Structures are given as C-alpha cells and as structure tokens.
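For reference, protein-v2.cif (mmCIF, C-alpha atoms and all ligand atoms):
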```cif
data_entry
#
loop_
_atom_site.label_atom_id
_atom_site.label_comp_id
_atom_site.auth_asym_id
_atom_site.auth_seq_id
_atom_site.Cartn_x
_atom_site.Cartn_y
_atom_site.Cartn_z
CA MET Z 1 82.39 -8.91 2.04
CA ASP Z 2 84.16 -6.71 -0.49
CA ASP Z 3 82.31 -7.28 -3.78
CA LEU Z 4 84.86 -5.17 -5.68
CA LYS Z 5 87.32 -8.05 -5.37
CA PHE Z 6 84.99 -9.99 -7.67
CA GLY Z 7 83.67 -7.30 -10.00
CA ILE Z 8 83.27 -3.63 -10.80
CA ARG Z 9 80.65 -1.00 -9.97
CA ASP Z 10 79.74 1.70 -12.49
CA LYS Z 11 78.66 5.32 -11.90
CA ARG Z 12 75.04 4.30 -11.41
CA GLY Z 13 76.07 1.83 -8.72
CA ASP Z 14 75.34 -1.25 -10.84
CA TRP Z 15 77.72 -4.12 -10.12
CA ALA Z 16 79.01 -6.60 -12.72
CA PRO Z 17 81.27 -9.63 -12.22
CA SER Z 18 84.76 -9.31 -13.70
CA ALA Z 19 84.85 -12.96 -14.74
CA ARG Z 20 82.99 -13.71 -17.95
CA LEU Z 21 80.35 -16.43 -18.06
CA GLU Z 22 81.98 -19.71 -19.02
CA LEU Z 23 80.37 -22.72 -20.64
CA PRO Z 24 80.66 -25.97 -18.65
CA PRO Z 25 84.18 -27.40 -19.16
CA TYR Z 26 83.01 -30.49 -21.08
CA TRP Z 27 82.59 -28.16 -24.08
CA ALA Z 28 86.29 -27.22 -24.02
CA ARG Z 29 88.47 -28.67 -26.79
CA PRO Z 30 90.67 -30.49 -25.98
CA PRO Z 31 88.63 -31.72 -22.96
CA LYS Z 32 89.97 -30.62 -19.59
CA LEU Z 33 89.44 -33.51 -17.22
CA MET Z 34 90.48 -31.68 -14.06
CA ALA Z 35 88.13 -28.79 -14.85
CA ILE Z 36 85.27 -31.26 -15.37
CA LEU Z 37 86.00 -32.89 -12.01
CA LYS Z 38 85.94 -29.48 -10.36
CA TRP Z 39 82.73 -28.51 -12.16
CA LEU Z 40 80.80 -31.66 -11.15
CA PRO Z 41 80.19 -30.79 -7.49
CA GLU Z 42 79.16 -27.24 -8.51
CA TYR Z 43 76.67 -28.77 -10.94
CA LEU Z 44 75.17 -31.04 -8.29
CA PHE Z 45 75.38 -28.81 -5.18
CA PRO Z 46 73.56 -27.05 -3.81
CA TRP Z 47 70.82 -26.29 -6.34
CA ASN Z 48 70.23 -29.58 -8.18
CA ALA Z 49 70.67 -31.56 -4.96
CA PHE Z 50 68.08 -29.27 -3.37
CA HIS Z 51 65.61 -29.95 -6.21
CA MET Z 52 66.19 -33.69 -5.81
CA ALA Z 53 65.68 -33.42 -2.04
CA THR Z 54 62.37 -31.63 -2.51
CA ALA Z 55 61.28 -34.17 -5.16
CA LEU Z 56 61.98 -37.01 -2.71
CA ALA Z 57 60.24 -35.17 0.13
CA TYR Z 58 57.21 -34.72 -2.12
CA TRP Z 59 57.18 -38.35 -3.20
CA TYR Z 60 57.32 -39.73 0.35
CA LEU Z 61 55.37 -37.05 2.25
CA VAL Z 62 53.08 -35.16 -0.12
CA ILE Z 63 52.11 -37.15 -3.23
CA PRO Z 64 48.97 -39.24 -2.61
CA ASP Z 65 48.74 -42.99 -2.97
CA VAL Z 66 48.83 -44.35 -6.53
CA GLU Z 67 45.27 -45.71 -6.07
CA VAL Z 68 44.04 -42.18 -5.23
CA MET Z 69 45.82 -40.68 -8.25
CA LYS Z 70 44.11 -43.06 -10.65
CA THR Z 71 41.08 -40.77 -10.49
CA LEU Z 72 41.27 -37.04 -11.14
CA SER Z 73 39.72 -35.10 -8.29
CA TRP Z 74 39.82 -31.61 -6.80
CA GLY Z 75 40.83 -33.02 -3.41
CA TRP Z 76 44.37 -34.08 -4.21
CA ALA Z 77 44.81 -31.38 -6.87
CA LEU Z 78 44.09 -28.62 -4.32
CA TRP Z 79 46.30 -30.35 -1.78
CA LEU Z 80 49.21 -30.31 -4.26
CA TYR Z 81 48.48 -26.66 -5.10
CA SER Z 82 48.58 -25.74 -1.40
CA VAL Z 83 51.93 -27.46 -0.87
CA ASN Z 84 53.45 -25.92 -4.03
CA ALA Z 85 52.18 -22.47 -3.06
CA ALA Z 86 53.40 -22.82 0.54
CA ALA Z 87 56.81 -24.08 -0.60
CA ILE Z 88 57.25 -21.21 -3.06
CA PHE Z 89 56.06 -18.74 -0.44
CA VAL Z 90 58.72 -19.96 1.98
CA MET Z 91 61.57 -20.38 -0.52
CA TYR Z 92 61.12 -17.28 -2.71
CA GLY Z 93 59.70 -15.34 0.25
CA SER Z 94 62.77 -15.85 2.40
CA ILE Z 95 65.12 -14.68 -0.37
CA GLU Z 96 62.82 -11.68 -0.93
CA LEU Z 97 62.62 -10.98 2.82
CA PHE Z 98 66.35 -11.13 3.55
CA TYR Z 99 67.72 -9.49 0.41
CA TYR Z 100 64.93 -7.17 -0.81
CA VAL Z 101 62.90 -6.21 2.27
CA LYS Z 102 65.50 -6.25 5.06
CA ARG Z 103 68.26 -5.66 2.48
CA ARG Z 104 70.76 -7.36 4.74
CA GLN Z 105 73.35 -7.38 1.95
CA GLY Z 106 72.66 -3.83 0.77
CA THR Z 107 73.66 -3.67 -2.89
CA ARG Z 108 76.77 -5.82 -2.55
CA PHE Z 109 76.95 -8.17 -5.56
CA LYS Z 110 73.70 -6.62 -6.87
CA TYR Z 111 73.62 -6.19 -10.66
CA ASN Z 112 71.09 -3.36 -10.62
CA ALA Z 113 71.61 -0.89 -7.77
CA LYS Z 114 67.89 -0.09 -7.63
CA PHE Z 115 65.28 -2.11 -5.76
CA PRO Z 116 61.97 -2.68 -7.59
CA ARG Z 117 60.00 -1.46 -4.55
CA ASP Z 118 61.54 2.01 -4.88
CA ASN Z 119 60.36 2.40 -8.49
CA PRO Z 120 56.56 2.27 -8.92
CA SER Z 121 55.54 1.76 -12.56
CA ASP Z 122 52.31 1.83 -14.54
CA VAL Z 123 53.10 -1.42 -16.37
CA PHE Z 124 52.34 -3.39 -13.20
CA TRP Z 125 49.06 -4.22 -11.51
CA PHE Z 126 48.66 -1.79 -8.57
CA LYS Z 127 51.75 0.01 -9.93
CA SER Z 128 53.89 -2.38 -7.93
CA GLN Z 129 56.24 -4.93 -9.45
CA ASN Z 130 56.16 -6.94 -6.22
CA ILE Z 131 52.37 -7.16 -5.88
CA ASP Z 132 51.91 -7.78 -9.62
CA ASN Z 133 54.53 -10.52 -9.73
CA PHE Z 134 53.29 -12.10 -6.51
CA VAL Z 135 49.64 -12.22 -7.61
CA ARG Z 136 50.50 -13.61 -11.05
CA SER Z 137 52.67 -16.33 -9.47
CA PHE Z 138 50.02 -17.56 -7.04
CA LEU Z 139 46.92 -17.13 -9.22
CA ILE Z 140 48.32 -18.15 -12.61
CA SER Z 141 51.68 -19.89 -12.64
CA ILE Z 142 51.49 -22.13 -9.55
CA PRO Z 143 47.97 -23.38 -10.52
CA LEU Z 144 49.30 -24.27 -14.00
CA TRP Z 145 52.41 -25.90 -12.51
CA THR Z 146 50.02 -27.97 -10.36
CA ALA Z 147 47.86 -28.82 -13.40
CA VAL Z 148 50.93 -30.23 -15.18
CA GLU Z 149 51.84 -32.14 -12.00
CA VAL Z 150 48.36 -33.64 -11.56
CA PHE Z 151 48.14 -34.71 -15.21
CA MET Z 152 51.63 -36.22 -15.13
CA LEU Z 153 50.95 -38.20 -11.91
CA TRP Z 154 47.52 -39.33 -13.18
CA CYS Z 155 49.21 -40.70 -16.33
CA PHE Z 156 51.82 -42.59 -14.28
CA ALA Z 157 49.13 -43.96 -11.94
CA ASN Z 158 47.05 -45.24 -14.83
CA GLY Z 159 49.91 -46.82 -16.73
CA TYR Z 160 49.85 -44.27 -19.57
CA ALA Z 161 53.59 -43.63 -19.05
CA HIS Z 162 56.49 -46.06 -19.12
CA TRP Z 163 57.18 -46.31 -15.35
CA LEU Z 164 60.61 -47.90 -14.70
CA SER Z 165 61.52 -49.08 -11.20
CA TRP Z 166 64.77 -48.07 -9.48
CA ALA Z 167 65.50 -51.68 -8.64
CA ASP Z 168 65.44 -52.80 -12.28
CA HIS Z 169 67.00 -49.76 -13.99
CA PRO Z 170 69.28 -47.96 -11.48
CA VAL Z 171 71.94 -46.86 -13.98
CA TYR Z 172 69.54 -45.58 -16.63
CA LEU Z 173 67.44 -43.68 -14.08
CA ALA Z 174 70.51 -42.18 -12.36
CA ALA Z 175 71.72 -40.99 -15.77
CA LEU Z 176 68.30 -39.50 -16.45
CA VAL Z 177 68.50 -37.55 -13.16
CA PHE Z 178 71.93 -36.30 -14.21
CA PHE Z 179 70.70 -35.12 -17.60
CA ALA Z 180 67.36 -33.68 -16.42
CA PRO Z 181 68.75 -30.12 -15.92
CA MET Z 182 70.01 -30.30 -19.52
CA ILE Z 183 66.55 -31.38 -20.73
CA HIS Z 184 65.24 -28.37 -18.81
CA GLU Z 185 67.62 -26.03 -20.57
CA VAL Z 186 66.74 -27.25 -24.05
CA HIS Z 187 62.99 -27.19 -23.33
CA PHE Z 188 63.25 -23.71 -21.79
CA PHE Z 189 65.31 -22.44 -24.72
CA LEU Z 190 62.79 -23.68 -27.31
CA VAL Z 191 59.71 -22.33 -25.49
CA HIS Z 192 61.46 -19.09 -24.63
CA ARG Z 193 62.87 -18.51 -28.12
CA ALA Z 194 59.41 -19.12 -29.62
CA ILE Z 195 57.67 -16.59 -27.38
CA HIS Z 196 60.25 -13.98 -28.34
CA HIS Z 197 58.78 -14.05 -31.85
CA PRO Z 198 57.29 -10.54 -32.18
CA LEU Z 199 53.68 -11.76 -32.40
CA LEU Z 200 53.90 -14.04 -29.39
CA TYR Z 201 56.10 -11.63 -27.45
CA LYS Z 202 53.49 -8.92 -27.36
CA TRP Z 203 50.68 -11.27 -26.48
CA ILE Z 204 52.47 -13.61 -24.06
CA HIS Z 205 56.02 -12.99 -22.99
CA SER Z 206 55.91 -9.21 -22.46
CA VAL Z 207 54.21 -9.95 -19.11
CA HIS Z 208 57.36 -11.61 -17.81
CA HIS Z 209 59.61 -8.93 -19.30
CA ASN Z 210 57.81 -6.08 -17.57
CA SER Z 211 60.34 -6.80 -14.83
CA ILE Z 212 63.48 -5.32 -16.36
CA ASN Z 213 65.05 -5.37 -12.91
CA PRO Z 214 63.82 -8.76 -11.67
CA SER Z 215 63.52 -9.85 -8.06
CA PRO Z 216 62.55 -13.34 -6.73
CA TRP Z 217 58.81 -12.75 -7.21
CA SER Z 218 59.44 -12.04 -10.92
CA SER Z 219 60.54 -15.64 -11.49
CA LEU Z 220 57.06 -17.10 -12.00
CA SER Z 221 55.35 -13.93 -13.12
CA MET Z 222 54.13 -15.21 -16.47
CA HIS Z 223 51.27 -15.17 -18.93
CA PRO Z 224 49.21 -18.42 -18.60
CA VAL Z 225 50.46 -19.77 -21.95
CA GLU Z 226 54.07 -19.31 -20.87
CA ALA Z 227 53.42 -20.69 -17.36
CA PHE Z 228 51.92 -23.86 -18.82
CA ALA Z 229 54.53 -24.35 -21.56
CA TYR Z 230 57.37 -23.71 -19.09
CA HIS Z 231 56.23 -26.32 -16.55
CA ALA Z 232 55.21 -28.77 -19.29
CA VAL Z 233 58.89 -29.82 -19.34
CA ALA Z 234 57.83 -32.55 -16.86
CA LEU Z 235 55.63 -34.11 -19.55
CA TRP Z 236 58.75 -35.29 -21.40
CA HIS Z 237 58.77 -38.06 -18.77
CA LEU Z 238 55.51 -39.38 -20.17
CA VAL Z 239 57.26 -39.79 -23.52
CA ILE Z 240 60.62 -41.22 -22.44
CA PRO Z 241 60.77 -44.24 -20.11
CA SER Z 242 61.13 -42.69 -16.66
CA ASN Z 243 59.98 -42.67 -13.06
CA PRO Z 244 57.59 -40.21 -11.33
CA ILE Z 245 60.30 -39.10 -8.88
CA ILE Z 246 62.44 -37.94 -11.83
CA ALA Z 247 59.42 -36.26 -13.43
CA LEU Z 248 58.90 -34.42 -10.12
CA PHE Z 249 62.59 -33.50 -10.03
CA GLN Z 250 62.21 -32.13 -13.58
CA LEU Z 251 59.21 -30.09 -12.45
CA HIS Z 252 61.06 -28.74 -9.42
CA VAL Z 253 64.09 -27.75 -11.50
CA ALA Z 254 61.60 -25.59 -13.44
CA GLY Z 255 59.31 -24.35 -10.63
CA PHE Z 256 61.74 -23.88 -7.74
CA GLY Z 257 64.71 -23.34 -10.04
CA ALA Z 258 63.08 -20.38 -11.78
CA VAL Z 259 64.24 -18.20 -8.90
CA ASN Z 260 67.90 -18.62 -9.84
CA GLY Z 261 67.77 -16.36 -12.86
CA HIS Z 262 65.90 -13.68 -10.93
CA ILE Z 263 67.76 -13.35 -7.64
CA GLY Z 264 69.40 -10.13 -8.83
CA PHE Z 265 72.54 -10.73 -6.74
CA ASP Z 266 75.54 -12.63 -8.11
CA LYS Z 267 76.39 -14.08 -4.72
CA LEU Z 268 74.33 -14.40 -1.58
CA GLU Z 269 76.44 -13.72 1.48
CA LEU Z 270 76.13 -16.43 4.11
CA ALA Z 271 77.86 -16.58 7.47
CA HIS Z 272 81.65 -16.36 7.98
CA ASP Z 273 82.81 -14.97 4.67
CA SER Z 274 81.16 -17.73 2.68
CA THR Z 275 78.91 -17.03 -0.28
CA LEU Z 276 76.44 -18.93 -2.43
CA ASP Z 277 76.58 -18.50 -6.20
CA SER Z 278 73.14 -17.60 -7.54
CA HIS Z 279 73.78 -18.47 -11.22
CA ALA Z 280 71.63 -15.42 -12.00
CA TYR Z 281 73.86 -13.46 -14.36
CA ALA Z 282 73.07 -15.07 -17.74
CA HIS Z 283 69.33 -14.59 -17.25
CA TYR Z 284 69.83 -11.13 -15.71
CA LEU Z 285 71.52 -10.13 -18.98
CA HIS Z 286 68.49 -11.54 -20.82
CA HIS Z 287 66.16 -9.25 -18.79
CA LYS Z 288 68.49 -6.33 -19.47
CA TYR Z 289 69.03 -6.81 -23.23
CA PHE Z 290 66.04 -9.06 -24.19
CA GLU Z 291 67.60 -10.72 -27.24
CA VAL Z 292 70.48 -12.62 -25.65
CA ASN Z 293 70.76 -15.74 -23.45
CA TYR Z 294 67.43 -17.43 -24.17
CA GLY Z 295 68.66 -20.56 -22.40
CA GLY Z 296 70.43 -20.94 -19.07
CA ASP Z 297 74.07 -21.37 -18.11
CA GLY Z 298 74.96 -23.21 -21.33
CA LEU Z 299 74.73 -26.84 -20.18
CA ILE Z 300 73.58 -27.35 -23.77
CA PRO Z 301 74.86 -24.09 -25.26
CA LEU Z 302 72.18 -23.38 -27.86
CA ASP Z 303 72.74 -19.63 -27.43
CA LYS Z 304 76.41 -20.03 -28.23
CA TRP Z 305 75.67 -22.16 -31.31
CA LEU Z 306 72.99 -19.79 -32.59
CA GLY Z 307 74.94 -16.60 -31.90
CA THR Z 308 72.81 -15.19 -29.07
CA TRP Z 309 75.22 -15.89 -26.19
CA HIS Z 310 76.30 -12.92 -24.05
CA ASP Z 311 79.02 -13.78 -21.57
CA GLY Z 312 78.95 -10.40 -19.80
CA SER Z 313 82.29 -9.27 -21.27
CA LYS Z 314 83.05 -6.27 -23.52
CA GLU Z 315 83.50 -8.72 -26.43
CA GLY Z 316 80.10 -10.25 -25.67
CA ASP Z 317 78.60 -6.78 -25.73
CA ALA Z 318 80.27 -5.93 -29.06
CA LEU Z 319 78.95 -9.15 -30.62
CA MET Z 320 75.45 -8.31 -29.42
CA GLN Z 321 75.63 -4.73 -30.72
CA ALA Z 322 76.84 -5.98 -34.13
CA ARG Z 323 73.90 -8.40 -34.27
CA PHE Z 324 71.43 -5.65 -33.31
CA ARG Z 325 72.92 -3.35 -36.00
CA LYS Z 326 72.55 -6.07 -38.65
CA LYS Z 327 68.94 -6.61 -37.62
CA ARG Z 328 68.20 -2.86 -37.81
CA ASP Z 329 69.79 -2.67 -41.28
CA ARG Z 330 67.75 -5.65 -42.46
CA MET Z 331 64.54 -4.06 -41.20
CA ASN Z 332 65.36 -0.69 -42.77
CA ALA Z 333 66.12 -2.37 -46.11
CA LYS Z 334 62.78 -4.19 -45.91
CA LYS Z 335 60.97 -0.92 -45.16
CA GLN Z 336 62.61 0.83 -48.11
CA THR Z 337 61.70 -2.00 -50.47
CA ALA Z 338 58.10 -1.82 -49.22
CA VAL Z 339 58.01 1.97 -49.74
CA ARG Z 340 59.39 1.63 -53.29
CA ALA Z 341 56.94 -1.16 -54.10
CA GLY Z 342 54.04 0.86 -52.66
ZN ZN A 1 63.10 -14.11 -16.49
ZN ZN A 2 62.51 -13.55 -22.51
#
```
Write out the structure in this file as structure tokens.
Amino acid sequence: MDDLKFGIRDKRGDWAPSARLELPPYWARPPKLMAILKWLPEYLFPWNAFHMATALAYWYLVIPDVEVMKTLSWGWALWLYSVNAAAIFVMYGSIELFYYVKRRQGTRFKYNAKFPRDNPSDVFWFKSQNIDNFVRSFLISIPLWTAVEVFMLWCFANGYAHWLSWADHPVYLAALVFFAPMIHEVHFFLVHRAIHHPLLYKWIHSVHHNSINPSPWSSLSMHPVEAFAYHAVALWHLVIPSNPIIALFQLHVAGFGAVNGHIGFDKLELAHDSTLDSHAYAHYLHHKYFEVNYGGDGLIPLDKWLGTWHDGSKEGDALMQARFRKKRDRMNAKKQTAVRAG
C-alpha cells in the first residue's frame, strides 16, 4: 500500500501522518453528533473489544474458583503469571515477528525508519534493546501485573470489594465498561506525569525511555515502581462498586493495551488493501520529545488542558518549542539568581 497517500517521508526516511491527531469528537463545540456516531465503533473495535474478549476468556477459562482465591497461594498466582506471560509472548511476539523480524511491511507507515535491532546501544542490557526490553517485561513487569491481579481477585473473593452482579446492575456495569478506557487514561496520565518529575525520572522512568525508537517489546519495559503503579489502575475497582470481569478488563487495557503506543507503525497492513490503525502516534511523539503527550489519545484530554498536547502538526511543534524555550529561560534566570546570591 502506498503510505505516501496518508503521510510524508523526510530525508532520513522517517514517515509522519499528514492528518493531525484529533481529540474524540465529543469534545467539539458545538457537539457533532454524526462525528460521535462515526467515532463510536472506532472506540470499541477492534482494540477495546479485544481487551473485553480476553477479560471474558480469562474469567471463564483461566481465573480459579472463588473458593480457591479466598486464600493467597503460589499455585494460582504462578498459574496466572504463566497465562499472562504466554499471552503477551503470543500477542506482542507476533507483532514483533511480522513487523520487526520478518519486516513484512518494510518501513511503510513506520515513524522511525530505523529498526532497533540494527542499532546496538550501551544503555541496554546486553547492548540490545530487544533483549533488554524482553527480559524486563517477563522478569519485572508481568510479575507485578500478576501481583496486582492476584491481590485484586483475592479482595473480590473475600468480600473486601463491592462486587455488583450483572443481573442486578446491567446498566451501571455496562457504563463502567464504556468508561474504563477513560479511567485508564487519567490514571496513566497521573502516574506518568509524576514519574517525569526530574527526581523520579532519573530513578524510575528513564528505564522506559531508553527506547527512543520503541518496538512492541518496549511497551512493558519498565522500572518495578512504574510497572506496579501502571497496572495498579485495576485497583480502582476495589474502591468503586464494580465487578471482577471489569477489573480484569481494566487490567488488560493496561497490560495488553500497552503495545498500542509502541507499535512504531501508524497502520498495520492486513490482507486486501485493508489496514489496522495502531493508535501509536501520540505516544510515539512522547518517546521522541519526552515532554509532550503524557496521556493517550485524549479521551480525557489532560494534555490539551495542561498545554502538553502535541498533535503532530507544525503548529503542535511550534507550541512545544515555545514551551521548551520558556522552560529554558526560567531555568537560566534561576541559575543567574543563584550565582548572584552565592
Ligand atoms: Zn512508552
Ligand atoms: Zn514518559
């Protein structure tokens, strides 16, 4: 497929979409009903529907009996870890295999023309972004994801959470499913913004940002503090009246959904001229420029409200540069005052 119909490629071979990132249409004033109706299926399919499907599959096929979950034990915890690890291996691994190992799409729709494997770097364990990211995912992030999952299920099983049944509260629970990706975005924004504070950044979040040119394995490559705080989004369902299936859905939006920002391609080519939108661009810009797009696609546009939104356009770039300049000036002024005072 000709990616130049959808974007431009610069001298380095990096591709960028020509359309700017748009907030969901319910933020438009006056509200555009038709645009909202068109947006809805894109919001639900395929990604959120996929996360719901995996949550249901877990609930009916993987999650142990409530009686078993009343007692914490290594048996069911390790079982859940194995399933999470296997599922991530298959899901992230197949995207990695097709698009980064076999490179079946070449660099069509690829933001950064380079592939991480071709650029060994000292910042990574074994000088390899892939090995480093892979090992961190399976030894740090997936165990912490599982720890959150085990604790959350143990609380539900023991009646420490407000467990609502689908039969009694269908409308409320359906609404909660609908809003869960928005809860994710707000939680992610707050955790992510906090670990960009200079002190925490160096200690915690720099691990994730070693991957300036992310690939699927970068998604869960995190410091333990970040990995725990990121997946802890599911614990909101211990606070609000909910249902364990929705808490699992919330966890899967985080764990499986992390790949979206790190696919590195704007569209994945499928058969017969059809493509799948990755929703990767906002977070790709975050990896490129660090101090923009702390949240996701703007379901709840905290970046826009706080002035850190970059929509990929020239205007977005100018806004970012102006903000960076202001910050530099502020820091220089502070330094000069310190020198004078000293
Ligand atoms: Zn990232
Ligand atoms: Zn970051």
The distance between atom CA of Z:Val292 and atom CA of Z:Arg20 is 14.7 Å
Do you know which residues are at most 8 Å from stretch 2-14 of chain Z counting all atoms listed in the file, after dropping those on the same chain fewer than 4 positions away, and could you put them as an mmCIF file with C-alpha atoms, in the frame of the given file?
```
data_model
loop_
_atom_site.group_PDB
_atom_site.id
_atom_site.type_symbol
_atom_site.label_atom_id
_atom_site.label_comp_id
_atom_site.auth_asym_id
_atom_site.auth_seq_id
_atom_site.Cartn_x
_atom_site.Cartn_y
_atom_site.Cartn_z
ATOM 1 C CA SER Z 18 84.760 -9.310 -13.700
ATOM 2 C CA ALA Z 19 84.850 -12.960 -14.740
ATOM 3 C CA ARG Z 108 76.770 -5.820 -2.550
ATOM 4 C CA PHE Z 109 76.950 -8.170 -5.560
ATOM 5 C CA LYS Z 110 73.700 -6.620 -6.870
ATOM 6 C CA TYR Z 111 73.620 -6.190 -10.660
ATOM 7 C CA ASN Z 112 71.090 -3.360 -10.620
ATOM 8 C CA ALA Z 113 71.610 -0.890 -7.770
#
```
If you count all atoms listed in the file, the residue of Z:Trp203, Z:Pro214, Z:His283, Z:Tyr43 closest to Z:Phe179 turns out to be Z:Tyr43
Report as JSON lines the residues of chain Z within 10 Å of ligand ZN 1 (chain A), each with its shortest atom pair and distance in Å (one decimal), using all atoms listed in the file, ordered by chain and increasing residue number.
```
{"residue": "Z:His192", "atom": "CA", "partner": "A:ZN1", "partner_atom": "ZN", "distance": 9.7}
{"residue": "Z:His205", "atom": "CA", "partner": "A:ZN1", "partner_atom": "ZN", "distance": 9.7}
{"residue": "Z:His208", "atom": "CA", "partner": "A:ZN1", "partner_atom": "ZN", "distance": 6.4}
{"residue": "Z:His209", "atom": "CA", "partner": "A:ZN1", "partner_atom": "ZN", "distance": 6.8}
{"residue": "Z:Asn210", "atom": "CA", "partner": "A:ZN1", "partner_atom": "ZN", "distance": 9.7}
{"residue": "Z:Ser211", "atom": "CA", "partner": "A:ZN1", "partner_atom": "ZN", "distance": 8.0}
{"residue": "Z:Ile212", "atom": "CA", "partner": "A:ZN1", "partner_atom": "ZN", "distance": 8.8}
{"residue": "Z:Asn213", "atom": "CA", "partner": "A:ZN1", "partner_atom": "ZN", "distance": 9.6}
{"residue": "Z:Pro214", "atom": "CA", "partner": "A:ZN1", "partner_atom": "ZN", "distance": 7.2}
{"residue": "Z:Ser215", "atom": "CA", "partner": "A:ZN1", "partner_atom": "ZN", "distance": 9.5}
{"residue": "Z:Pro216", "atom": "CA", "partner": "A:ZN1", "partner_atom": "ZN", "distance": 9.8}
{"residue": "Z:Ser218", "atom": "CA", "partner": "A:ZN1", "partner_atom": "ZN", "distance": 7.0}
{"residue": "Z:Ser219", "atom": "CA", "partner": "A:ZN1", "partner_atom": "ZN", "distance": 5.8}
{"residue": "Z:Leu220", "atom": "CA", "partner": "A:ZN1", "partner_atom": "ZN", "distance": 8.1}
{"residue": "Z:Ser221", "atom": "CA", "partner": "A:ZN1", "partner_atom": "ZN", "distance": 8.5}
{"residue": "Z:Met222", "atom": "CA", "partner": "A:ZN1", "partner_atom": "ZN", "distance": 9.0}
{"residue": "Z:Ala258", "atom": "CA", "partner": "A:ZN1", "partner_atom": "ZN", "distance": 7.8}
{"residue": "Z:Val259", "atom": "CA", "partner": "A:ZN1", "partner_atom": "ZN", "distance": 8.7}
{"residue": "Z:Asn260", "atom": "CA", "partner": "A:ZN1", "partner_atom": "ZN", "distance": 9.4}
{"residue": "Z:Gly261", "atom": "CA", "partner": "A:ZN1", "partner_atom": "ZN", "distance": 6.3}
{"residue": "Z:His262", "atom": "CA", "partner": "A:ZN1", "partner_atom": "ZN", "distance": 6.2}
{"residue": "Z:Ala280", "atom": "CA", "partner": "A:ZN1", "partner_atom": "ZN", "distance": 9.7}
{"residue": "Z:His283", "atom": "CA", "partner": "A:ZN1", "partner_atom": "ZN", "distance": 6.3}
{"residue": "Z:Tyr284", "atom": "CA", "partner": "A:ZN1", "partner_atom": "ZN", "distance": 7.4}
{"residue": "Z:Leu285", "atom": "CA", "partner": "A:ZN1", "partner_atom": "ZN", "distance": 9.6}
{"residue": "Z:His286", "atom": "CA", "partner": "A:ZN1", "partner_atom": "ZN", "distance": 7.4}
{"residue": "Z:His287", "atom": "CA", "partner": "A:ZN1", "partner_atom": "ZN", "distance": 6.2}
{"residue": "Z:Lys288", "atom": "CA", "partner": "A:ZN1", "partner_atom": "ZN", "distance": 9.9}
{"residue": "Z:Phe290", "atom": "CA", "partner": "A:ZN1", "partner_atom": "ZN", "distance": 9.7}
{"residue": "Z:Tyr294", "atom": "CA", "partner": "A:ZN1", "partner_atom": "ZN", "distance": 9.4}
```
For Z:Lys38: contacts at 12 Å, all atoms listed in the file, fewer than 5 positions along chain excluded, given as a PyMOL selection string | chain Z and resi 24-26+32-33+43-45
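The space between atom CA of Z:Asp118 and atom CA of Z:Val101 spans 11.0 Å.
Distances to Z:Val253 were evaluated for Z:Ala147, Z:Ala180, Z:Ala35, Z:Val171 using all atoms listed in the file, and the minimum falls at Z:Ala180.
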Across Z:Glu22, Z:Asp132, Z:Glu291, Z:Asp297, the smallest distance to ligand ZN 2 (chain A), with only C-alpha atoms and all ligand atoms counted, is shown by Z:Glu291
Taking every listed atom of stretch 80-93 of chain Z and adding 8 Å to each side, what centre and edge lengths in Å (one decimal) does the axis-aligned box have, as lines of an AutoDock Vina configuration file?
```
center_x = 55.0
center_y = -22.8
center_z = -1.6
size_x = 29.1
size_y = 31.0
size_z = 23.1
```
Problem set entry | Answer as a PyMOL selection string, residues within 12 Å of (78.1, -18.9, -31.7) using only C-alpha atoms | chain Z and resi 23+292-293+298+301-311+316+319-320+323
Residue with the minimum atom-to-atom distance to ligand ZN 2 (chain A), picked from Z:Phe126, Z:Phe249, Z:Tyr81, Z:Phe189 with only C-alpha atoms and all ligand atoms counted, is Z:Phe189
In terms of only C-alpha atoms and all ligand atoms, the residue from Z:His197, Z:His237, Z:Lys327, Z:Arg29 at minimal distance from ligand ZN 2 (chain A) is Z:His197
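The space between atom CA of Z:Ser137 and atom CA of Z:Trp154 spans 23.9 Å.
Compared by their closest atoms to ligand ZN 2 (chain A), and using all atoms listed in the file, the residues Z:Leu190, Z:Val68, Z:Ala322, Z:Val233 rank with Z:Leu190 nearest.
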